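Q: To start, I am sharing the structure in question, which I have written as structure tokens.
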Amino acid sequence: CKANAKKCIPQLAPYTYSDELNTVELSEDDTTELILTFFEGQDYRILMCVPPGLGNIEFSIADMNGDVLFSNKNHYYTQSWDFQVNTTDDYFIQVSLANSSGDLDKPLKGCLAALIGFKL
């Protein structure tokens, strides 16, 4: 996981990598959730580092009240999003496989990483 994630760090540019590595092994029936703190007035980029062949990753960001700020499902499953939050708080990032392989003998499974960048 770590080696794959490190290959994606240049894609955060012009944002600075936060040195926070969030990796998970994900299967097509899995959903994972991260809770991260974002700070008011700071510009961020979140990048899903997805290995080739894993398919589309669906991710969303919601505040602690469950209000969704962004879902890549509505943006052609983009793997990144640039944003700024209005208040310093913890936010949920939910990640899942968006579609299955259709091959019951060989279900999708792979390691992905959520990388966070910020502007100085």
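All residue names refer to the structure tokens as shown: chains lettered A, B, ... in order, residues numbered from 1 in each chain, ligands numbered from 1 in order.
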Fewer than 5 positions away in the same chain doesn't count, so skip those; otherwise give me all residues within 7 Å of A:Ser80, counting only C-alpha atoms, as a PyMOL selection string.

A: chain A and resi 45-48

Q: So which bits of stretch 10-120 of chain A end up helix (DSSP H, G or I) when you DSSP the backbone, as a count of residues only?

A: 7

Q: Would you return as an MDAnalysis selection string the members of stretch 22-81 of chain A that DSSP assigns to strand (DSSP E or B) on this structure's backbone?

A: chainID A and resid 22:27 31:38 43:49 57:63 68:71 80:81

Q: Find the residues around A:Asp82 up to 12 Å (only C-alpha atoms counted), leave out those fewer than 6 positions away in its own chain, and share them as a PyMOL selection string.

A: chain A and resi 12-15+42-47+61+69-70+72+116-119

Q: Take the selection from the previous step and output its residues with all heavy atoms, as a short mmCIF file (atom, residue, chain, number, x, y, z; two decimals), in the first residue's frame.

A:
```
data_model
loop_
_atom_site.label_atom_id
_atom_site.label_comp_id
_atom_site.auth_asym_id
_atom_site.auth_seq_id
_atom_site.Cartn_x
_atom_site.Cartn_y
_atom_site.Cartn_z
N LEU A 12 -0.51 15.56 -6.12
CA LEU A 12 -1.05 16.57 -5.21
C LEU A 12 -0.62 17.99 -5.60
O LEU A 12 -1.24 18.95 -5.17
CB LEU A 12 -0.62 16.29 -3.77
CG LEU A 12 -1.31 15.13 -3.07
CD1 LEU A 12 -0.62 14.83 -1.75
CD2 LEU A 12 -2.78 15.42 -2.85
N ALA A 13 0.45 18.11 -6.38
CA ALA A 13 0.99 19.43 -6.74
C ALA A 13 -0.10 20.29 -7.39
O ALA A 13 -0.93 19.77 -8.13
CB ALA A 13 2.17 19.26 -7.68
N PRO A 14 -0.17 21.56 -7.06
CA PRO A 14 0.77 22.40 -6.32
C PRO A 14 0.54 22.38 -4.80
O PRO A 14 1.08 23.21 -4.09
CB PRO A 14 0.50 23.79 -6.87
CG PRO A 14 -0.97 23.78 -7.15
CD PRO A 14 -1.25 22.37 -7.63
N TYR A 15 -0.23 21.46 -4.30
CA TYR A 15 -0.47 21.33 -2.87
C TYR A 15 0.69 20.57 -2.23
O TYR A 15 1.35 19.75 -2.88
CB TYR A 15 -1.78 20.58 -2.60
CG TYR A 15 -3.01 21.36 -3.02
CD1 TYR A 15 -3.38 21.45 -4.35
CD2 TYR A 15 -3.78 22.03 -2.09
CE1 TYR A 15 -4.49 22.17 -4.75
CE2 TYR A 15 -4.90 22.75 -2.46
CZ TYR A 15 -5.25 22.82 -3.79
OH TYR A 15 -6.35 23.54 -4.18
N GLN A 42 -8.08 27.10 5.23
CA GLN A 42 -6.98 26.37 4.59
C GLN A 42 -7.48 25.74 3.30
O GLN A 42 -8.59 25.19 3.25
CB GLN A 42 -6.46 25.27 5.52
CG GLN A 42 -5.29 24.49 4.99
CD GLN A 42 -4.02 25.32 4.87
OE1 GLN A 42 -3.56 25.92 5.83
NE2 GLN A 42 -3.48 25.37 3.67
N ASP A 43 -6.69 25.81 2.22
CA ASP A 43 -7.02 25.17 0.95
C ASP A 43 -6.48 23.75 0.96
O ASP A 43 -5.31 23.52 1.30
CB ASP A 43 -6.41 25.93 -0.22
CG ASP A 43 -7.02 27.30 -0.40
OD1 ASP A 43 -8.26 27.40 -0.33
OD2 ASP A 43 -6.27 28.27 -0.61
N TYR A 44 -7.34 22.79 0.57
CA TYR A 44 -6.98 21.37 0.60
C TYR A 44 -7.21 20.71 -0.75
O TYR A 44 -8.07 21.14 -1.53
CB TYR A 44 -7.84 20.62 1.63
CG TYR A 44 -7.55 20.98 3.05
CD1 TYR A 44 -8.36 21.89 3.72
CD2 TYR A 44 -6.50 20.39 3.74
CE1 TYR A 44 -8.10 22.22 5.04
CE2 TYR A 44 -6.23 20.72 5.06
CZ TYR A 44 -7.04 21.63 5.70
OH TYR A 44 -6.79 21.96 7.02
N ARG A 45 -6.49 19.64 -0.98
CA ARG A 45 -6.77 18.70 -2.06
C ARG A 45 -6.78 17.31 -1.44
O ARG A 45 -5.85 16.93 -0.74
CB ARG A 45 -5.71 18.76 -3.15
CG ARG A 45 -5.92 17.65 -4.22
CD ARG A 45 -4.97 17.80 -5.39
NE ARG A 45 -5.42 18.97 -6.16
CZ ARG A 45 -4.70 19.54 -7.12
NH1 ARG A 45 -3.51 19.08 -7.42
NH2 ARG A 45 -5.18 20.58 -7.78
N ILE A 46 -7.85 16.58 -1.69
CA ILE A 46 -7.90 15.17 -1.31
C ILE A 46 -7.75 14.37 -2.59
O ILE A 46 -8.37 14.70 -3.61
CB ILE A 46 -9.19 14.81 -0.55
CG1 ILE A 46 -9.13 13.36 -0.09
CG2 ILE A 46 -10.44 15.10 -1.36
CD1 ILE A 46 -10.16 13.00 0.94
N LEU A 47 -6.91 13.36 -2.54
CA LEU A 47 -6.62 12.54 -3.71
C LEU A 47 -6.74 11.07 -3.34
O LEU A 47 -6.11 10.62 -2.38
CB LEU A 47 -5.20 12.83 -4.21
CG LEU A 47 -4.65 11.92 -5.31
CD1 LEU A 47 -5.40 12.15 -6.62
CD2 LEU A 47 -3.16 12.16 -5.50
N ILE A 61 -17.37 13.46 1.16
CA ILE A 61 -16.93 14.15 2.37
C ILE A 61 -18.16 14.78 3.00
O ILE A 61 -18.94 15.46 2.32
CB ILE A 61 -15.88 15.24 2.04
CG1 ILE A 61 -14.66 14.59 1.39
CG2 ILE A 61 -15.49 16.00 3.30
CD1 ILE A 61 -13.62 15.57 0.91
N LEU A 69 -20.66 17.44 1.73
CA LEU A 69 -20.06 18.60 1.09
C LEU A 69 -19.68 18.30 -0.35
O LEU A 69 -19.68 19.19 -1.20
CB LEU A 69 -18.81 19.03 1.85
CG LEU A 69 -18.96 19.28 3.35
CD1 LEU A 69 -17.62 19.57 3.98
CD2 LEU A 69 -19.93 20.42 3.59
N PHE A 70 -19.33 17.03 -0.61
CA PHE A 70 -18.89 16.63 -1.94
C PHE A 70 -19.06 15.13 -2.09
O PHE A 70 -18.81 14.37 -1.16
CB PHE A 70 -17.40 16.98 -2.14
CG PHE A 70 -16.84 16.50 -3.45
CD1 PHE A 70 -17.06 17.21 -4.61
CD2 PHE A 70 -16.10 15.33 -3.52
CE1 PHE A 70 -16.54 16.77 -5.83
CE2 PHE A 70 -15.57 14.89 -4.72
CZ PHE A 70 -15.80 15.60 -5.88
N ASN A 72 -17.93 12.39 -5.28
CA ASN A 72 -17.37 12.29 -6.63
C ASN A 72 -18.30 11.52 -7.57
O ASN A 72 -18.10 11.55 -8.78
CB ASN A 72 -15.97 11.68 -6.61
CG ASN A 72 -15.97 10.18 -6.37
OD1 ASN A 72 -16.87 9.62 -5.74
ND2 ASN A 72 -14.93 9.53 -6.85
N ILE A 116 -3.82 13.68 1.46
CA ILE A 116 -4.29 15.04 1.72
C ILE A 116 -3.15 16.00 1.46
O ILE A 116 -2.03 15.81 1.95
CB ILE A 116 -4.78 15.20 3.18
CG1 ILE A 116 -5.80 14.13 3.56
CG2 ILE A 116 -5.31 16.62 3.41
CD1 ILE A 116 -7.08 14.17 2.80
N GLY A 117 -3.45 17.05 0.71
CA GLY A 117 -2.49 18.10 0.47
C GLY A 117 -3.08 19.44 0.89
O GLY A 117 -4.29 19.59 0.97
N PHE A 118 -2.22 20.39 1.19
CA PHE A 118 -2.67 21.73 1.57
C PHE A 118 -1.76 22.76 0.93
O PHE A 118 -0.62 22.46 0.56
CB PHE A 118 -2.67 21.90 3.10
CG PHE A 118 -1.32 21.72 3.73
CD1 PHE A 118 -0.49 22.80 3.96
CD2 PHE A 118 -0.86 20.45 4.08
CE1 PHE A 118 0.76 22.65 4.52
CE2 PHE A 118 0.39 20.28 4.64
CZ PHE A 118 1.20 21.37 4.86
N LYS A 119 -2.27 23.97 0.77
CA LYS A 119 -1.47 25.06 0.22
C LYS A 119 -0.83 25.83 1.36
O LYS A 119 -1.46 26.09 2.38
CB LYS A 119 -2.32 26.00 -0.63
CG LYS A 119 -2.62 25.44 -1.99
CD LYS A 119 -3.19 26.49 -2.89
CE LYS A 119 -3.40 25.91 -4.28
NZ LYS A 119 -4.05 26.88 -5.15
#
```

Q: In terms of the shortest atom-to-atom distance over only C-alpha atoms, which of A:Trp81, A:Tyr76, A:Phe92, A:Phe38 is closest to A:Ser18?

A: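 For A:Ser18, the nearest of the given residues is A:Phe38.
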
Q: Using only C-alpha atoms for the distances, tell me which of A:Leu97, A:Cys1, A:Leu108, A:Leu120 is nearest to A:Glu58.

A: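 That would be A:Leu97, the residue with the smallest distance to A:Glu58.
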